[in-house]
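> My questions all concern the structure below.
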Amino acid sequence: MPYEKFSRFHEVMAEDSGQSVLSSLEAHIVPLVPGLKERLARGIRMLDAGCGRGRILLRLAALYPRSRFVGMDLSREATEYARARATEAGLKNVDFIAADLSAFHTTAEPEAFDFVTTFDAIHDQGQPLNVLKGICRTLKSDGAYLMQDISGTSHVEKDIEHPIGTFLYTISCMHCMTVSLAQGGEGLGAMWGEERTREYLNKAGFRAIKTHRLAHDIQNNWYVVTK
Ligand SMILES: C[S@@+](CC[C@H](N)C(=O)[O-])C[C@H]1O[C@@H](n2cnc3c(N)ncnc32)[C@H](O)[C@@H]1O
């Protein structure tokens with residue numbers, strides 16, 4: 001069955017990000033990046049790569065009408081859904097593009113965005129390093145990249161202590177690795193962990209990486225990354 005047919009998947013992902021991201025977007029997530037709230041209010045360009053159904057961007061586009069937002073995702077179905085919600089809400093400052101980001105390191109528009117995000121969207125990419133290189137390329141030199149990804153150590157034996165480690169390894173094998181491997185990709189899996197995340201970010205060209213944890217969220221690390 002083609003990947004496009006898994007419509008329920010993007011619905012579930014949107015529910016998940018609704019719980020872990022939307023509920024704390026303004027109070028806890030935007031403030032992770034110094035000065036971001038003010039810059040969004042003044043007007044910047046933001047990209048959400050692997051945006052799925054785009055709920056986070058739709059919220060930001062409504063909150064910050066002077067900024068312009070772009071969401072990209074492999075799934076045409078998910079981006080069409082997001083575009084329809086934007087039209088319904090009368091939002092003119094957000095666009096959703098169906099795009100395979102596997103070669104984003106060559107296709108990304110250089111220095112185009114002030115702020116880039118990925119929410120749970122790097123480890124199941126076909127070519128995660130290419131996506132990260134593309135994000136580095138498309139980010140302005142004074143911009144910031146915020147990456148939400150699953151917390152883990154990059155070592156199975158150390159993850160035994162993880163409060164929901166068994167669950168996360170199961171989801172990873174059943175879904176995340178499969179999405180990537182089905183694209184002929186790396187199959188990193190959700191439990192690629194902080195050590196490997198930092199290694200990939202460095203290889204992609206980023207130099208400064210700060211890891212944050214949010215009190216309400218035992219599942220994710222929040223990396224604030226700059227060039
Ligand atoms: C776990 S979902 C997260 C979606 C969304 N960020 C959210 O939080 O609801 C990962 C997303 O990565 C997208 N994705 C996977 N491979 C991709 C590729 N090669 N190019 C672009 N997006 C891809 C999937 O379609 C999916 O929407």
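Residues are referred to by chain and number: the chain letter is A, B, ... according to the order shown in the structure tokens, the number counts from 1 in that chain, and ligands are numbered separately from 1 in the order shown.
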May I have a table of the residues of chain A lying at most 6 Å from ligand 1, giving each one's closest pair of atoms and their distance in Å to one decimal, counting only C-alpha atoms and all ligand atoms, ordered by chain and ascending residue number, as JSON lines?


{"residue": "A:Met13", "atom": "CA", "partner": "ligand 1", "partner_atom_place_in_ligand_line": "9 (O)", "distance": 4.3}
{"residue": "A:Ala14", "atom": "CA", "partner": "ligand 1", "partner_atom_place_in_ligand_line": "9 (O)", "distance": 4.1}
{"residue": "A:Ser17", "atom": "CA", "partner": "ligand 1", "partner_atom_place_in_ligand_line": "8 (O)", "distance": 4.6}
{"residue": "A:Gly50", "atom": "CA", "partner": "ligand 1", "partner_atom_place_in_ligand_line": "12 (O)", "distance": 4.1}
{"residue": "A:Cys51", "atom": "CA", "partner": "ligand 1", "partner_atom_place_in_ligand_line": "6 (N)", "distance": 4.1}
{"residue": "A:Gly52", "atom": "CA", "partner": "ligand 1", "partner_atom_place_in_ligand_line": "27 (O)", "distance": 3.6}
{"residue": "A:Asp73", "atom": "CA", "partner": "ligand 1", "partner_atom_place_in_ligand_line": "22 (N)", "distance": 4.0}
{"residue": "A:Leu74", "atom": "CA", "partner": "ligand 1", "partner_atom_place_in_ligand_line": "21 (C)", "distance": 3.8}
{"residue": "A:Ser75", "atom": "CA", "partner": "ligand 1", "partner_atom_place_in_ligand_line": "25 (O)", "distance": 4.9}
{"residue": "A:Ala99", "atom": "CA", "partner": "ligand 1", "partner_atom_place_in_ligand_line": "21 (C)", "distance": 5.8}
{"residue": "A:Asp100", "atom": "CA", "partner": "ligand 1", "partner_atom_place_in_ligand_line": "20 (N)", "distance": 3.7}
{"residue": "A:Leu101", "atom": "CA", "partner": "ligand 1", "partner_atom_place_in_ligand_line": "20 (N)", "distance": 3.9}
{"residue": "A:Ser102", "atom": "CA", "partner": "ligand 1", "partner_atom_place_in_ligand_line": "19 (N)", "distance": 4.8}
{"residue": "A:Phe119", "atom": "CA", "partner": "ligand 1", "partner_atom_place_in_ligand_line": "6 (N)", "distance": 4.3}
{"residue": "A:Asp120", "atom": "CA", "partner": "ligand 1", "partner_atom_place_in_ligand_line": "3 (C)", "distance": 5.0}
{"residue": "A:Ala121", "atom": "CA", "partner": "ligand 1", "partner_atom_place_in_ligand_line": "10 (C)", "distance": 4.1}
{"residue": "A:Asp124", "atom": "CA", "partner": "ligand 1", "partner_atom_place_in_ligand_line": "15 (C)", "distance": 5.7}
{"residue": "A:Gln125", "atom": "CA", "partner": "ligand 1", "partner_atom_place_in_ligand_line": "16 (N)", "distance": 4.0}
{"residue": "A:Gly126", "atom": "CA", "partner": "ligand 1", "partner_atom_place_in_ligand_line": "19 (N)", "distance": 5.1}

> Write out the residues from the selection above, keeping N, CA and C atoms, as a compact mmCIF listing (two decimals), in the first residue's frame.


# COMPACT_ATOMS: atom_id res chain seq x y z
N MET A 13 -0.63 11.43 14.37
CA MET A 13 0.51 12.31 14.63
C MET A 13 0.03 13.71 15.03
N ALA A 14 -1.02 14.17 14.35
CA ALA A 14 -1.55 15.50 14.66
C ALA A 14 -2.13 15.51 16.08
N SER A 17 0.99 15.55 18.44
CA SER A 17 1.64 16.85 18.56
C SER A 17 0.68 17.86 19.20
N GLY A 50 8.65 18.54 7.56
CA GLY A 50 7.96 17.33 8.04
C GLY A 50 6.78 17.74 8.89
N CYS A 51 5.98 18.67 8.35
CA CYS A 51 4.92 19.35 9.15
C CYS A 51 3.68 18.49 9.35
N GLY A 52 3.54 17.37 8.64
CA GLY A 52 2.32 16.57 8.74
C GLY A 52 1.10 17.41 8.40
N ASP A 73 6.09 18.65 3.66
CA ASP A 73 5.97 17.25 4.07
C ASP A 73 5.86 16.38 2.83
N LEU A 74 6.36 15.16 2.98
CA LEU A 74 6.29 14.18 1.89
C LEU A 74 4.84 13.89 1.48
N SER A 75 3.95 13.93 2.45
CA SER A 75 2.57 13.49 2.20
C SER A 75 1.72 14.60 1.56
N ALA A 99 6.53 17.88 -0.48
CA ALA A 99 7.91 17.79 -0.97
C ALA A 99 8.63 16.64 -0.30
N ASP A 100 9.40 15.91 -1.08
CA ASP A 100 10.30 14.90 -0.53
C ASP A 100 11.59 15.62 -0.16
N LEU A 101 11.92 15.60 1.12
CA LEU A 101 13.08 16.38 1.58
C LEU A 101 14.38 15.56 1.55
N SER A 102 14.35 14.41 0.88
CA SER A 102 15.53 13.54 0.88
C SER A 102 16.77 14.20 0.28
N PHE A 119 9.25 18.83 14.27
CA PHE A 119 8.60 18.23 15.43
C PHE A 119 8.50 16.73 15.16
N ASP A 120 9.36 15.97 15.82
CA ASP A 120 9.32 14.51 15.70
C ASP A 120 9.45 14.10 14.23
N ALA A 121 10.27 14.78 13.48
CA ALA A 121 10.25 14.59 12.02
C ALA A 121 11.62 14.34 11.39
N ASP A 124 12.57 9.66 11.22
CA ASP A 124 11.97 8.74 10.25
C ASP A 124 12.08 9.24 8.81
N GLN A 125 12.91 10.23 8.60
CA GLN A 125 13.20 10.64 7.22
C GLN A 125 13.99 9.54 6.51
N GLY A 126 13.85 9.51 5.19
CA GLY A 126 14.68 8.59 4.41
C GLY A 126 16.16 8.96 4.56

> Would you list, as JSON, numbers by chain, the residues of chain A that end up in strand (DSSP E or B) under DSSP run on this structure's backbone?

{"A": [45, 46, 47, 48, 49, 68, 69, 70, 71, 72, 73, 94, 95, 96, 97, 98, 113, 114, 115, 116, 117, 118, 119, 139, 140, 141, 142, 143, 144, 145, 146, 147, 148, 149, 150, 208, 209, 210, 211, 212, 220, 221, 222, 223, 224, 225, 226]}

> Write the selection just made, keeping N, CA and C atoms, as a compact mmCIF listing (two decimals), in the first residue's frame?


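selection_23.txt, freshly written:
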# COMPACT_ATOMS: atom_id res chain seq x y z
N ARG A 45 10.30 34.84 8.60
CA ARG A 45 9.91 33.68 7.78
C ARG A 45 10.27 32.41 8.53
N MET A 46 9.29 31.53 8.65
CA MET A 46 9.52 30.27 9.38
C MET A 46 9.15 29.06 8.52
N LEU A 47 9.98 28.02 8.62
CA LEU A 47 9.72 26.75 7.94
C LEU A 47 9.53 25.65 8.97
N ASP A 48 8.49 24.81 8.80
CA ASP A 48 8.35 23.58 9.58
C ASP A 48 8.53 22.41 8.62
N ALA A 49 9.64 21.69 8.76
CA ALA A 49 9.95 20.58 7.85
C ALA A 49 9.37 19.29 8.41
N ARG A 68 5.52 34.99 8.12
CA ARG A 68 5.09 34.11 7.03
C ARG A 68 5.60 32.70 7.31
N PHE A 69 4.75 31.71 7.09
CA PHE A 69 5.02 30.34 7.50
C PHE A 69 4.91 29.38 6.32
N VAL A 70 5.86 28.45 6.24
CA VAL A 70 5.82 27.41 5.20
C VAL A 70 5.96 26.05 5.87
N GLY A 71 5.09 25.12 5.51
CA GLY A 71 5.21 23.75 5.98
C GLY A 71 5.50 22.84 4.80
N MET A 72 6.44 21.91 4.99
CA MET A 72 6.76 20.95 3.91
C MET A 72 6.64 19.53 4.47
N ASP A 73 6.09 18.65 3.66
CA ASP A 73 5.97 17.25 4.07
C ASP A 73 5.86 16.38 2.83
N VAL A 94 0.30 31.51 5.52
CA VAL A 94 0.86 30.16 5.67
C VAL A 94 0.62 29.36 4.40
N ASP A 95 1.65 28.59 4.02
CA ASP A 95 1.51 27.75 2.83
C ASP A 95 2.04 26.35 3.16
N PHE A 96 1.49 25.36 2.53
CA PHE A 96 1.91 23.98 2.76
C PHE A 96 2.30 23.36 1.42
N ILE A 97 3.49 22.75 1.40
CA ILE A 97 4.03 22.23 0.15
C ILE A 97 4.32 20.74 0.32
N ALA A 98 3.83 19.93 -0.63
CA ALA A 98 4.19 18.51 -0.63
C ALA A 98 5.58 18.38 -1.25
N PHE A 113 15.19 31.35 5.62
CA PHE A 113 14.30 31.36 6.79
C PHE A 113 15.04 31.83 8.05
N ASP A 114 14.28 32.55 8.90
CA ASP A 114 14.83 33.04 10.17
C ASP A 114 14.70 31.97 11.25
N PHE A 115 13.74 31.10 11.06
CA PHE A 115 13.44 30.10 12.10
C PHE A 115 12.95 28.84 11.41
N VAL A 116 13.53 27.70 11.79
CA VAL A 116 13.12 26.41 11.22
C VAL A 116 12.80 25.47 12.38
N THR A 117 11.77 24.67 12.20
CA THR A 117 11.43 23.67 13.23
C THR A 117 11.26 22.29 12.58
N THR A 118 11.50 21.26 13.40
CA THR A 118 11.04 19.91 13.07
C THR A 118 10.46 19.34 14.36
N PHE A 119 9.25 18.83 14.27
CA PHE A 119 8.60 18.23 15.43
C PHE A 119 8.50 16.73 15.16
N LEU A 139 18.66 28.12 6.61
CA LEU A 139 18.57 28.99 7.79
C LEU A 139 19.50 30.19 7.63
N LYS A 140 18.97 31.38 7.93
CA LYS A 140 19.83 32.57 7.89
C LYS A 140 20.91 32.46 8.97
N SER A 141 22.01 33.19 8.78
CA SER A 141 23.14 33.01 9.70
C SER A 141 22.79 33.41 11.14
N ASP A 142 21.82 34.33 11.31
CA ASP A 142 21.42 34.70 12.68
C ASP A 142 20.13 33.99 13.09
N GLY A 143 19.75 32.95 12.35
CA GLY A 143 18.49 32.25 12.63
C GLY A 143 18.68 31.13 13.64
N ALA A 144 17.56 30.49 13.98
CA ALA A 144 17.61 29.38 14.94
C ALA A 144 16.77 28.22 14.42
N TYR A 145 17.23 27.02 14.77
CA TYR A 145 16.52 25.79 14.43
C TYR A 145 16.09 25.12 15.73
N LEU A 146 14.80 24.82 15.85
CA LEU A 146 14.29 24.12 17.02
C LEU A 146 13.86 22.71 16.61
N MET A 147 14.51 21.73 17.19
CA MET A 147 14.21 20.33 16.85
C MET A 147 13.63 19.62 18.08
N GLN A 148 12.39 19.13 17.92
CA GLN A 148 11.84 18.23 18.94
C GLN A 148 12.10 16.82 18.46
N ASP A 149 12.76 16.01 19.28
CA ASP A 149 12.91 14.60 18.90
C ASP A 149 12.93 13.75 20.17
N ILE A 150 12.71 12.46 19.96
CA ILE A 150 12.53 11.55 21.10
C ILE A 150 13.79 11.50 21.96
N ALA A 208 26.30 25.26 17.49
CA ALA A 208 25.83 25.44 18.87
C ALA A 208 24.53 24.68 19.08
N ILE A 209 24.55 23.77 20.05
CA ILE A 209 23.37 22.93 20.31
C ILE A 209 23.09 22.94 21.81
N LYS A 210 21.89 23.37 22.17
CA LYS A 210 21.50 23.32 23.59
C LYS A 210 20.33 22.36 23.73
N THR A 211 20.42 21.42 24.65
CA THR A 211 19.32 20.47 24.86
C THR A 211 18.48 20.93 26.04
N HIS A 212 17.17 21.00 25.81
CA HIS A 212 16.24 21.37 26.87
C HIS A 212 15.27 20.21 27.11
N ASN A 220 10.36 13.73 25.00
CA ASN A 220 11.17 14.44 24.00
C ASN A 220 12.33 15.24 24.58
N ASN A 221 13.33 15.41 23.72
CA ASN A 221 14.34 16.44 23.92
C ASN A 221 14.00 17.59 22.99
N TRP A 222 14.35 18.80 23.42
CA TRP A 222 14.12 20.01 22.63
C TRP A 222 15.48 20.64 22.39
N TYR A 223 15.95 20.59 21.14
CA TYR A 223 17.28 21.10 20.82
C TYR A 223 17.14 22.48 20.18
N VAL A 224 17.81 23.46 20.77
CA VAL A 224 17.87 24.79 20.15
C VAL A 224 19.24 24.89 19.50
N VAL A 225 19.23 25.07 18.16
CA VAL A 225 20.44 24.88 17.37
C VAL A 225 20.71 26.12 16.53
N THR A 226 21.98 26.56 16.53
CA THR A 226 22.36 27.69 15.68
C THR A 226 23.65 27.35 14.94

> Running DSSP on the backbone, which parts of range 46-166 of chain A land in helix (DSSP H, G or I), as a ChimeraX atom specification?

/A:55-63,76-88,101-107,128-138,158-161,165-166

> Excluding range 216-219 of chain A and its own-chain neighbours fewer than 6 positions away, which residues fall within 12 Å of it when counting only C-alpha atoms? Please give them as a list in words.

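The contact residues come out as Asp16, Ser17, Gln19, Ser20, Val21, Ser23, Ser24, Ala27, His28, Ile29, Asp120, Gln148, Asp149, Ile150, Ser151, Gly152, His162, Pro163, Ile164, Gly165, Phe167, Leu168, Tyr169, Ala190, Met191 and Gly193 of chain A.
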
> Can you tell me which residues surround Pro128 in chain A at a distance of at most 10 Å, considering only C-alpha atoms, apart from same-chain residues fewer than 6 positions away, and format the answer as JSON, numbers by chain?

{"A": [101, 102, 103, 104, 121, 122, 134, 180, 185, 186, 187, 188, 200, 204]}

> Ranking A:Ala182, A:Val30, A:Leu201, A:Leu57 by minimum distance to Asn130 in chain A and counting only C-alpha atoms, which one comes first?

A:Leu201

> Compare A:Gly205, A:Ser172, A:Lys133, A:Leu214 by their minimum atom-to-atom distance to Pro31 in chain A, counting only C-alpha atoms, and give me the closest one.

A:Leu214
